[in-house]
Amino acid sequence: GQSLEQPSEVTAVEGAIVQINCTYQTSGFYGLSWYQQHDGGAPTFLSYNALDGLEETGRFSSFLSRSDSYGYLLLQELQMKDSASYFCAVRRRDDKIIFGKGTRLHILP
Amino acid sequence: GAGVSQSPSNKVTEKGKDVELRCDPISGHTALYWYRQRLGQGLEFLIYFQGNSAPDKSGLPSDRFSAERTGESVSTLTIQRTQQEDSAVYLCASSLDWARAKNIQYFGAGTRLSVL
């Protein structure tokens, strides 16, 4: 089927680096996006990869490999406020938007 | 307005009643999206508008769901004869233009719908 797979939960330590993976089984999409959602809050845009490779935005980086059907979000210098759910998403060429089920990031002090 | 505004923020209704959810997008944003998010789940894409046109309504869960948009402003999502399975947070988002591949969506805080 057409889906995005993410780990349901990831735990990391404050100040460390964490990688959240997203593997997909969908062909023909424009790019891979990442959104952050705090409990009870609205999703907010973090990053977008149109092409293969790494995109860096401050402490957050995102990577895409179309040949491997794989992407990831990398968070560096973790802060407690980074505790949230993270979603990968694609807009398919048939104009459907697909979100992963999200990865809940727990940060330990 | 400064952001996407949704109303009401919470709605409790009885099974079988109709509900109407409202979304005010960011001024100047031509594209508007509706999603459903069940507790602990991802976002389920329902429908998008480019201007007041919704090219594809196949994402709506059933014929009890409908959506419309006035020009490039307010949109309403209507659920008729609500069922308990409709209980979820309904999120609205807007973006500058649907045609852009890098389609940054700005989300509202959502309407939490509870069907008793």
# chains A, B, ... in the order shown; residues from 1 in each chain; ligands from 1
>>> residues_around(residues="Gly102 in chain A", least_positions_apart="2", cutoff="6 Å", atoms="only C-alpha atoms", output="VMD selection string")
(chain A and resid 85 to 87 100) or (chain B and resid 42)
>>> interface_residues(of="chain A", to="chain B", cutoff="10 Å", atoms="only C-alpha atoms", output="PyMOL selection string")
chain A and resi 8+29-35+39-50+85-91+93-104
>>> residues_around(residues="Arg81 in chain B", least_positions_apart="2", cutoff="7 Å", atoms="only C-alpha atoms", output="MDAnalysis selection string")
chainID B and resid 15:18 64 79 83
>>> residues_around(residues="range 52-54 of chain A", least_positions_apart="5", cutoff="8 Å", atoms="only C-alpha atoms", output="ChimeraX atom specification")
/A:61-66
>>> closest_residue(among="B:Val19, B:Leu60, B:Ala54, B:Leu32", to="Ser7 in chain B", atoms="only C-alpha atoms")
B:Val19
>>> decode(residues="range 51-66 of chain A", atoms="all heavy atoms", output="CSV table (one decimal), in the first residue's frame")
chain,number,residue,atom,x,y,z
A,51,LEU,N,14.9,17.1,-3.1
A,51,LEU,CA,15.9,16.3,-3.7
A,51,LEU,C,16.6,15.4,-2.7
A,51,LEU,O,16.6,15.7,-1.5
A,51,LEU,CB,17.0,17.2,-4.4
A,51,LEU,CG,16.4,18.2,-5.4
A,51,LEU,CD1,17.5,19.2,-5.9
A,51,LEU,CD2,15.8,17.5,-6.6
A,52,ASP,N,17.3,14.4,-3.2
A,52,ASP,CA,18.1,13.6,-2.3
A,52,ASP,C,19.2,14.4,-1.6
A,52,ASP,O,19.7,15.4,-2.2
A,52,ASP,CB,18.8,12.5,-3.1
A,52,ASP,CG,17.9,11.4,-3.5
A,52,ASP,OD1,16.7,11.5,-3.3
A,52,ASP,OD2,18.3,10.4,-4.1
A,53,GLY,N,19.5,14.1,-0.4
A,53,GLY,CA,20.6,14.7,0.3
A,53,GLY,C,20.1,15.3,1.6
A,53,GLY,O,19.0,15.0,2.1
A,54,LEU,N,20.9,16.1,2.2
A,54,LEU,CA,20.7,16.7,3.5
A,54,LEU,C,20.3,18.1,3.4
A,54,LEU,O,20.9,18.9,2.7
A,54,LEU,CB,22.0,16.5,4.3
A,54,LEU,CG,21.9,16.7,5.8
A,54,LEU,CD1,21.1,15.6,6.5
A,54,LEU,CD2,23.3,16.8,6.4
A,55,GLU,N,19.3,18.5,4.2
A,55,GLU,CA,18.9,19.9,4.3
A,55,GLU,C,19.1,20.3,5.8
A,55,GLU,O,18.6,19.5,6.7
A,55,GLU,CB,17.4,20.1,4.0
A,55,GLU,CG,17.1,19.9,2.5
A,55,GLU,CD,17.5,21.1,1.7
A,55,GLU,OE1,17.7,22.2,2.3
A,55,GLU,OE2,17.7,21.0,0.5
A,56,GLU,N,19.7,21.4,6.1
A,56,GLU,CA,20.0,21.7,7.5
A,56,GLU,C,19.3,23.0,7.8
A,56,GLU,O,19.4,24.0,7.1
A,56,GLU,CB,21.5,21.9,7.7
A,56,GLU,CG,22.3,20.6,7.5
A,56,GLU,CD,23.8,20.7,7.7
A,56,GLU,OE1,24.2,20.8,8.9
A,56,GLU,OE2,24.5,20.8,6.7
A,57,THR,N,18.6,23.0,9.0
A,57,THR,CA,18.0,24.2,9.5
A,57,THR,C,18.2,24.3,11.0
A,57,THR,O,17.5,23.8,11.8
A,57,THR,CB,16.4,24.2,9.2
A,57,THR,OG1,16.2,23.8,7.8
A,57,THR,CG2,15.8,25.5,9.5
A,58,GLY,N,19.3,25.0,11.3
A,58,GLY,CA,19.6,25.1,12.7
A,58,GLY,C,20.0,23.8,13.3
A,58,GLY,O,20.8,23.0,12.8
A,59,ARG,N,19.3,23.4,14.4
A,59,ARG,CA,19.6,22.2,15.1
A,59,ARG,C,18.9,21.0,14.4
A,59,ARG,O,19.2,19.8,14.7
A,59,ARG,CB,19.1,22.2,16.6
A,59,ARG,CG,19.8,23.2,17.5
A,59,ARG,CD,19.3,23.0,18.9
A,59,ARG,NE,17.9,23.3,19.1
A,59,ARG,CZ,17.0,22.4,19.5
A,59,ARG,NH1,17.4,21.1,19.7
A,59,ARG,NH2,15.8,22.7,19.7
A,60,PHE,N,18.1,21.3,13.4
A,60,PHE,CA,17.3,20.2,12.8
A,60,PHE,C,17.9,20.0,11.3
A,60,PHE,O,18.2,21.0,10.6
A,60,PHE,CB,15.8,20.5,12.6
A,60,PHE,CG,15.1,20.6,14.0
A,60,PHE,CD1,13.8,21.1,14.0
A,60,PHE,CD2,15.7,20.2,15.1
A,60,PHE,CE1,13.1,21.2,15.2
A,60,PHE,CE2,15.0,20.2,16.3
A,60,PHE,CZ,13.7,20.8,16.4
A,61,SER,N,18.1,18.8,10.9
A,61,SER,CA,18.4,18.4,9.6
A,61,SER,C,17.5,17.3,9.1
A,61,SER,O,17.0,16.5,9.9
A,61,SER,CB,19.9,17.9,9.5
A,61,SER,OG,20.8,18.8,10.1
A,62,SER,N,17.3,17.3,7.8
A,62,SER,CA,16.5,16.2,7.2
A,62,SER,C,17.2,15.7,6.0
A,62,SER,O,17.9,16.4,5.3
A,62,SER,CB,15.1,16.7,6.9
A,62,SER,OG,15.1,17.8,6.0
A,63,PHE,N,17.0,14.4,5.8
A,63,PHE,CA,17.7,13.7,4.7
A,63,PHE,C,16.7,12.9,3.9
A,63,PHE,O,15.7,12.4,4.4
A,63,PHE,CB,18.7,12.7,5.3
A,63,PHE,CG,19.4,11.8,4.3
A,63,PHE,CD1,20.5,12.3,3.6
A,63,PHE,CD2,19.0,10.5,4.1
A,63,PHE,CE1,21.1,11.5,2.6
A,63,PHE,CE2,19.6,9.7,3.2
A,63,PHE,CZ,20.6,10.2,2.4
A,64,LEU,N,16.9,12.8,2.6
A,64,LEU,CA,16.1,12.0,1.7
A,64,LEU,C,16.9,11.2,0.7
A,64,LEU,O,17.9,11.7,0.2
A,64,LEU,CB,15.1,12.9,0.9
A,64,LEU,CG,14.3,12.2,-0.2
A,64,LEU,CD1,13.3,11.2,0.5
A,64,LEU,CD2,13.5,13.3,-1.0
A,65,SER,N,16.6,9.9,0.6
A,65,SER,CA,17.1,9.1,-0.5
A,65,SER,C,16.0,8.4,-1.2
A,65,SER,O,15.4,7.5,-0.7
A,65,SER,CB,18.1,8.0,0.2
A,65,SER,OG,18.4,7.1,-0.8
A,66,ARG,N,15.7,8.9,-2.4
A,66,ARG,CA,14.6,8.3,-3.1
A,66,ARG,C,14.9,6.9,-3.6
A,66,ARG,O,14.0,6.0,-3.6
A,66,ARG,CB,14.2,9.2,-4.3
A,66,ARG,CG,13.6,10.5,-4.0
A,66,ARG,CD,13.3,11.3,-5.2
A,66,ARG,NE,12.8,12.7,-4.9
A,66,ARG,CZ,11.5,13.0,-4.8
A,66,ARG,NH1,10.6,12.0,-5.1
A,66,ARG,NH2,11.1,14.2,-4.5
